[in-house]
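Visitor: The structure file model_11.cif (mmCIF, C-alpha atoms) is provided below.
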```cif
data_model
loop_
_atom_site.group_PDB
_atom_site.id
_atom_site.type_symbol
_atom_site.label_atom_id
_atom_site.label_comp_id
_atom_site.auth_asym_id
_atom_site.auth_seq_id
_atom_site.Cartn_x
_atom_site.Cartn_y
_atom_site.Cartn_z
ATOM 1 C CA MET A 1 180.127 -155.067 8.041
ATOM 2 C CA ASN A 2 176.614 -155.279 6.592
ATOM 3 C CA LEU A 3 173.961 -153.031 8.093
ATOM 4 C CA LYS A 4 170.472 -153.823 6.896
ATOM 5 C CA LEU A 5 167.495 -151.616 7.618
ATOM 6 C CA GLU A 6 164.745 -154.053 8.524
ATOM 7 C CA LEU A 7 162.168 -152.268 10.656
ATOM 8 C CA VAL A 8 160.680 -148.774 10.835
ATOM 9 C CA VAL A 9 158.528 -147.732 13.791
ATOM 10 C CA LEU A 10 155.446 -145.734 12.823
ATOM 11 C CA PRO A 11 153.543 -143.611 15.314
ATOM 12 C CA VAL A 12 149.786 -144.089 14.944
ATOM 13 C CA SER A 13 146.777 -142.943 16.953
ATOM 14 C CA ASP A 14 144.505 -145.940 16.308
ATOM 15 C CA VAL A 15 146.243 -149.298 15.999
ATOM 16 C CA ASP A 16 143.303 -151.193 14.519
ATOM 17 C CA ARG A 17 142.606 -148.465 11.940
ATOM 18 C CA ALA A 18 146.285 -148.429 10.905
ATOM 19 C CA LYS A 19 146.383 -152.236 10.726
ATOM 20 C CA ALA A 20 143.302 -152.293 8.472
ATOM 21 C CA PHE A 21 144.807 -149.587 6.223
ATOM 22 C CA TYR A 22 148.118 -151.381 5.718
ATOM 23 C CA GLU A 23 146.454 -154.740 5.137
ATOM 24 C CA ARG A 24 144.175 -153.075 2.562
ATOM 25 C CA ALA A 25 147.316 -151.631 0.927
ATOM 26 C CA GLY A 26 148.604 -155.199 0.533
ATOM 27 C CA PHE A 27 151.111 -155.359 3.386
ATOM 28 C CA ARG A 28 151.488 -158.827 4.939
ATOM 29 C CA LEU A 29 150.609 -159.114 8.629
ATOM 30 C CA ASP A 30 153.541 -160.775 10.415
ATOM 31 C CA VAL A 31 152.746 -160.180 14.088
ATOM 32 C CA ASP A 32 149.932 -158.737 16.177
ATOM 33 C CA LYS A 33 150.757 -159.295 19.843
ATOM 34 C CA ALA A 34 149.600 -157.656 23.060
ATOM 35 C CA PRO A 35 151.216 -159.728 25.834
ATOM 36 C CA VAL A 36 150.631 -157.146 28.570
ATOM 37 C CA GLU A 37 148.238 -154.294 29.285
ATOM 38 C CA GLY A 38 149.348 -151.073 27.570
ATOM 39 C CA TRP A 39 151.663 -152.704 25.035
ATOM 40 C CA ARG A 40 150.828 -154.006 21.564
ATOM 41 C CA ALA A 41 152.969 -154.557 18.495
ATOM 42 C CA VAL A 42 151.660 -154.897 14.946
ATOM 43 C CA HIS A 43 154.359 -155.833 12.434
ATOM 44 C CA LEU A 44 153.657 -155.753 8.668
ATOM 45 C CA THR A 45 155.776 -156.133 5.544
ATOM 46 C CA PRO A 46 155.162 -154.526 2.146
ATOM 47 C CA PRO A 47 154.917 -157.044 -0.711
ATOM 48 C CA GLY A 48 158.384 -158.027 -1.949
ATOM 49 C CA SER A 49 160.198 -156.053 0.761
ATOM 50 C CA GLN A 50 162.862 -157.206 3.182
ATOM 51 C CA ALA A 51 162.107 -154.234 5.445
ATOM 52 C CA SER A 52 158.966 -153.976 7.561
ATOM 53 C CA ILE A 53 156.978 -151.517 9.626
ATOM 54 C CA ILE A 54 155.832 -151.838 13.216
ATOM 55 C CA PHE A 55 153.341 -149.798 15.193
ATOM 56 C CA GLY A 56 151.178 -150.311 18.203
ATOM 57 C CA GLU A 57 150.701 -149.200 21.754
ATOM 58 C CA GLY A 58 153.642 -148.301 23.985
ATOM 59 C CA LEU A 59 156.217 -148.460 21.175
ATOM 60 C CA THR A 60 157.161 -144.835 20.537
ATOM 61 C CA PRO A 61 156.587 -141.383 22.009
ATOM 62 C CA ALA A 62 156.600 -139.842 18.509
ATOM 63 C CA GLU A 63 153.510 -137.965 17.365
ATOM 64 C CA PRO A 64 151.138 -139.917 15.086
ATOM 65 C CA GLY A 65 151.753 -138.952 11.483
ATOM 66 C CA SER A 66 155.232 -137.535 12.098
ATOM 67 C CA VAL A 67 157.114 -140.042 9.922
ATOM 68 C CA GLN A 68 157.575 -138.737 6.383
ATOM 69 C CA GLY A 69 159.451 -139.803 3.273
ATOM 70 C CA LEU A 70 159.068 -143.567 3.508
ATOM 71 C CA TYR A 71 159.979 -144.887 0.071
ATOM 72 C CA LEU A 72 158.421 -147.915 -1.587
ATOM 73 C CA VAL A 73 160.338 -148.808 -4.733
ATOM 74 C CA VAL A 74 158.356 -150.124 -7.697
ATOM 75 C CA THR A 75 159.289 -151.110 -11.231
ATOM 76 C CA ASP A 76 156.086 -149.716 -12.785
ATOM 77 C CA ILE A 77 154.747 -146.581 -11.106
ATOM 78 C CA GLU A 78 151.461 -146.532 -13.031
ATOM 79 C CA ALA A 79 150.685 -150.182 -12.247
ATOM 80 C CA ALA A 80 151.572 -149.760 -8.561
ATOM 81 C CA ARG A 81 149.420 -146.639 -8.306
ATOM 82 C CA ALA A 82 146.510 -148.388 -10.036
ATOM 83 C CA GLU A 83 146.722 -151.373 -7.680
ATOM 84 C CA LEU A 84 146.727 -149.138 -4.593
ATOM 85 C CA LEU A 85 143.757 -147.182 -5.957
ATOM 86 C CA GLU A 86 141.896 -150.467 -6.555
ATOM 87 C CA ARG A 87 142.595 -151.344 -2.920
ATOM 88 C CA GLY A 88 140.987 -148.077 -1.789
ATOM 89 C CA ILE A 89 144.199 -146.163 -1.037
ATOM 90 C CA ALA A 90 144.200 -142.474 -2.052
ATOM 91 C CA VAL A 91 147.354 -141.980 -4.123
ATOM 92 C CA SER A 92 148.540 -138.804 -5.822
ATOM 93 C CA GLU A 93 148.870 -138.557 -9.566
ATOM 94 C CA VAL A 94 152.248 -139.691 -10.911
ATOM 95 C CA PHE A 95 154.773 -136.868 -11.095
ATOM 96 C CA HIS A 96 158.446 -136.151 -11.532
ATOM 97 C CA ASP A 97 160.532 -133.450 -9.911
ATOM 98 C CA GLY A 98 162.006 -130.454 -11.688
ATOM 99 C CA GLY A 99 165.569 -131.695 -11.319
ATOM 100 C CA GLY A 100 164.945 -135.353 -12.121
ATOM 101 C CA VAL A 101 167.042 -136.483 -9.183
ATOM 102 C CA LEU A 102 165.217 -137.039 -5.902
ATOM 103 C CA PHE A 103 161.855 -135.962 -4.591
ATOM 104 C CA HIS A 104 161.728 -135.401 -0.860
ATOM 105 C CA GLY A 105 158.577 -133.410 -0.221
ATOM 106 C CA HIS A 106 156.560 -134.147 2.854
ATOM 107 C CA ALA A 107 153.083 -133.712 4.301
ATOM 108 C CA ALA A 108 150.904 -135.594 1.813
ATOM 109 C CA GLY A 109 153.490 -135.011 -0.888
ATOM 110 C CA THR A 110 153.451 -131.234 -0.511
ATOM 111 C CA VAL A 111 156.865 -129.901 -1.365
ATOM 112 C CA THR A 112 158.436 -128.287 1.668
ATOM 113 C CA HIS A 113 161.620 -127.127 -0.048
ATOM 114 C CA ASP A 114 161.272 -124.248 -2.474
ATOM 115 C CA LEU A 115 164.031 -125.320 -4.831
ATOM 116 C CA PRO A 116 163.695 -125.642 -8.618
ATOM 117 C CA ALA A 117 164.646 -129.317 -8.369
ATOM 118 C CA GLN A 118 161.703 -129.891 -6.003
ATOM 119 C CA ARG A 119 158.911 -128.671 -8.250
ATOM 120 C CA ARG A 120 156.341 -131.377 -9.000
ATOM 121 C CA LEU A 121 155.763 -131.774 -12.710
ATOM 122 C CA PRO A 122 152.898 -133.971 -13.958
ATOM 123 C CA GLY A 123 153.474 -137.498 -15.255
ATOM 124 C CA ARG A 124 156.417 -139.849 -15.355
ATOM 125 C CA HIS A 125 159.825 -138.399 -16.056
ATOM 126 C CA PRO A 126 159.757 -137.483 -19.791
ATOM 127 C CA GLU A 127 162.912 -139.487 -20.513
ATOM 128 C CA GLY A 128 161.788 -142.406 -18.351
ATOM 129 C CA LEU A 129 164.763 -141.990 -16.043
ATOM 130 C CA SER A 130 165.004 -144.554 -13.298
ATOM 131 C CA TYR A 131 164.662 -143.055 -9.787
ATOM 132 C CA ALA A 132 162.771 -140.025 -11.172
ATOM 133 C CA SER A 133 159.011 -140.788 -11.201
ATOM 134 C CA TYR A 134 156.869 -140.703 -8.058
ATOM 135 C CA ALA A 135 153.447 -140.860 -6.452
ATOM 136 C CA THR A 136 152.599 -140.243 -2.800
ATOM 137 C CA PHE A 137 150.078 -141.408 -0.222
ATOM 138 C CA ASP A 138 149.506 -141.086 3.504
ATOM 139 C CA ASP A 139 148.261 -143.509 6.112
ATOM 140 C CA PRO A 140 145.233 -142.442 8.194
ATOM 141 C CA ASP A 141 147.467 -140.535 10.636
ATOM 142 C CA GLY A 142 149.448 -138.726 7.941
ATOM 143 C CA ASN A 143 152.629 -140.808 7.910
ATOM 144 C CA GLY A 144 153.879 -140.079 4.405
ATOM 145 C CA TRP A 145 154.848 -142.621 1.771
ATOM 146 C CA VAL A 146 156.511 -142.095 -1.613
ATOM 147 C CA LEU A 147 156.309 -144.589 -4.465
ATOM 148 C CA GLN A 148 159.481 -144.317 -6.545
ATOM 149 C CA GLU A 149 159.905 -146.023 -9.882
ATOM 150 C CA ILE A 150 163.271 -147.713 -10.336
ATOM 151 C CA THR A 151 163.702 -149.640 -13.551
ATOM 152 C CA GLU A 152 167.504 -149.792 -13.549
ATOM 153 C CA ARG A 153 169.564 -149.612 -10.378
ATOM 154 C CA PHE A 154 172.702 -147.537 -9.962
ATOM 155 C CA PRO A 155 175.896 -149.656 -10.108
ATOM 156 C CA GLY A 156 176.648 -151.490 -6.883
ATOM 157 C CA ARG A 157 173.019 -151.539 -5.725
#
```
What does the file become when written as structure tokens?

Guide:
Amino acid sequence: MNLKLELVVLPVSDVDRAKAFYERAGFRLDVDKAPVEGWRAVHLTPPGSQASIIFGEGLTPAEPGSVQGLYLVVTDIEAARAELLERGIAVSEVFHDGGGVLFHGHAAGTVTHDLPAQRRLPGRHPEGLSYASYATFDDPDGNGWVLQEITERFPGR
């Protein structure tokens, strides 16, 4: 059985502000529908992705900004960061974690786990390891995104 993650619901406080942010970040607008009073769905897809995001009015009771650790995989972390900056998106400096395995800090990229492997070190991973270099950004409500550089996938991926 194949199970494909295709859609993530984001809680936002201002639908139009969120829509403008994600379009500025380069996400493709797929749907913006409000067929009835009190319900609106805005569906966008990151460039090159098969998974999308959706937000709007009447979609989720979750608090705006409560979704953290959304990963966008890129092949060149510096180029992706530069493009987002050019688009007016505030992105952290590139960093790698102390263990070189997986960064999972939250809240604007602030590390929430005090483990040696979760210490942010400046720049790309010194050995250029795939899966080990990151940058972070938040949407206007604080939903947290992580750019992760993957240049060579693990076997079977």

Visitor: Evaluate the PyMOL selection byres ((chain A and resi 72) around 7) against this structure - the residues, as a VMD selection string, please.

Guide: chain A and resid 70 to 71 73 to 74 146 to 148

Visitor: In terms of the shortest atom-to-atom distance over only C-alpha atoms, which of A:Glu37, A:Gly69, A:Val8, A:Ala90 is closest to A:Phe55?

Guide: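 Answer, going by the shortest atom-to-atom distance: A:Val8.
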
Visitor: May I ask for the distance between atom CA of A:Arg40 and atom CA of A:Gly56, given in Å to one decimal place?

Guide: 5.0 Å

Visitor: Run the PyMOL selection byres ((chain A and resi 78) around 10) against the file shown and list the residues it catches, as a PyMOL selection string.

Guide: chain A and resi 74-77+79-83+93-94+123-124+133-135+149

Visitor: Could you spell out the hits of the PyMOL selection byres ((chain A and resi 32) around 10) on the shown file, as a PDB file with C-alpha atoms, keeping the file's coordinate frame?

Guide:
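Generated file (expr-v6.pdb):
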```pdb
ATOM      1  CA  LYS A  19     146.383-152.236  10.726  1.00  0.00           C
ATOM      2  CA  LEU A  29     150.609-159.114   8.629  1.00  0.00           C
ATOM      3  CA  ASP A  30     153.541-160.775  10.415  1.00  0.00           C
ATOM      4  CA  VAL A  31     152.746-160.180  14.088  1.00  0.00           C
ATOM      5  CA  LYS A  33     150.757-159.295  19.843  1.00  0.00           C
ATOM      6  CA  ALA A  34     149.600-157.656  23.060  1.00  0.00           C
ATOM      7  CA  PRO A  35     151.216-159.728  25.834  1.00  0.00           C
ATOM      8  CA  ARG A  40     150.828-154.006  21.564  1.00  0.00           C
ATOM      9  CA  ALA A  41     152.969-154.557  18.495  1.00  0.00           C
ATOM     10  CA  VAL A  42     151.660-154.897  14.946  1.00  0.00           C
ATOM     11  CA  HIS A  43     154.359-155.833  12.434  1.00  0.00           C
ATOM     12  CA  LEU A  44     153.657-155.753   8.668  1.00  0.00           C
ATOM     13  CA  ILE A  54     155.832-151.838  13.216  1.00  0.00           C
ATOM     14  CA  PHE A  55     153.341-149.798  15.193  1.00  0.00           C
ATOM     15  CA  GLY A  56     151.178-150.311  18.203  1.00  0.00           C
TER      16      GLY A  56
END
```

Visitor: Taking (150.1, -138.5, 9.3) in the file's coordinates, which residues come within 10 Å, counting only C-alpha atoms, written as a VMD selection string?

Guide: chain A and resid 10 to 13 63 to 68 107 to 108 137 to 145

Visitor: Can you find the residues with an atom no farther than 10 Å from (173.6, -143.6, -12.7), counting only C-alpha atoms, and report them as a PyMOL selection string?

Guide: chain A and resi 129-131+152-155

Visitor: Would you export the selected residues with C-alpha atoms as a PDB file, keeping the file's coordinate frame, please?

Guide:
```
ATOM      1  CA  LEU A 129     164.763-141.990 -16.043  1.00  0.00           C
ATOM      2  CA  SER A 130     165.004-144.554 -13.298  1.00  0.00           C
ATOM      3  CA  TYR A 131     164.662-143.055  -9.787  1.00  0.00           C
ATOM      4  CA  GLU A 152     167.504-149.792 -13.549  1.00  0.00           C
ATOM      5  CA  ARG A 153     169.564-149.612 -10.378  1.00  0.00           C
ATOM      6  CA  PHE A 154     172.702-147.537  -9.962  1.00  0.00           C
ATOM      7  CA  PRO A 155     175.896-149.656 -10.108  1.00  0.00           C
TER       8      PRO A 155
END
```

Visitor: Between atom CA of A:Glu57 and atom CA of A:Tyr22, what is the distance in Å, rounded to a tenth?

Guide: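 A separation of 16.4 Å between them.
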
Visitor: Assuming 4 Å of padding per side, give the centre and edge lengths of the axis-aligned box around every listed atom of stretch 35-46 of chain A, in Å to one decimal and as AutoDock Vina command-line options.

Guide:
```
--center_x 152.0 --center_y -155.4 --center_z 15.7 --size_x 15.5 --size_y 16.7 --size_z 35.1
```

Visitor: From the options A:Leu59, A:Val15, A:Leu7, A:Leu121, which residue's atoms come nearest to A:Phe95, counting all atoms listed in the file?

Guide: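 Between A:Leu59, A:Val15, A:Leu7, A:Leu121, the residue approaching A:Phe95 most closely is A:Leu121.
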
Visitor: Go through A:Ser49, A:Arg120, A:Asp14, A:Val9 one by one, measure the shortest atom-to-atom distance of each to A:Phe27 using all atoms listed in the file, and give the residue with the smallest value.

Guide: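 For A:Phe27, the nearest of the given residues is A:Ser49.
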
Visitor: For atom CA of A:Ala20 and atom CA of A:Gly88, quote the distance in Å rounded to one decimal.

Guide: 11.3 Å

Visitor: For A:Gly128, work out the shell of residues within 10 Å, counting only C-alpha atoms and skipping chain neighbours fewer than 6 positions away, then give it as number ranges by chain.

Guide: A: 96, 100, 149-151
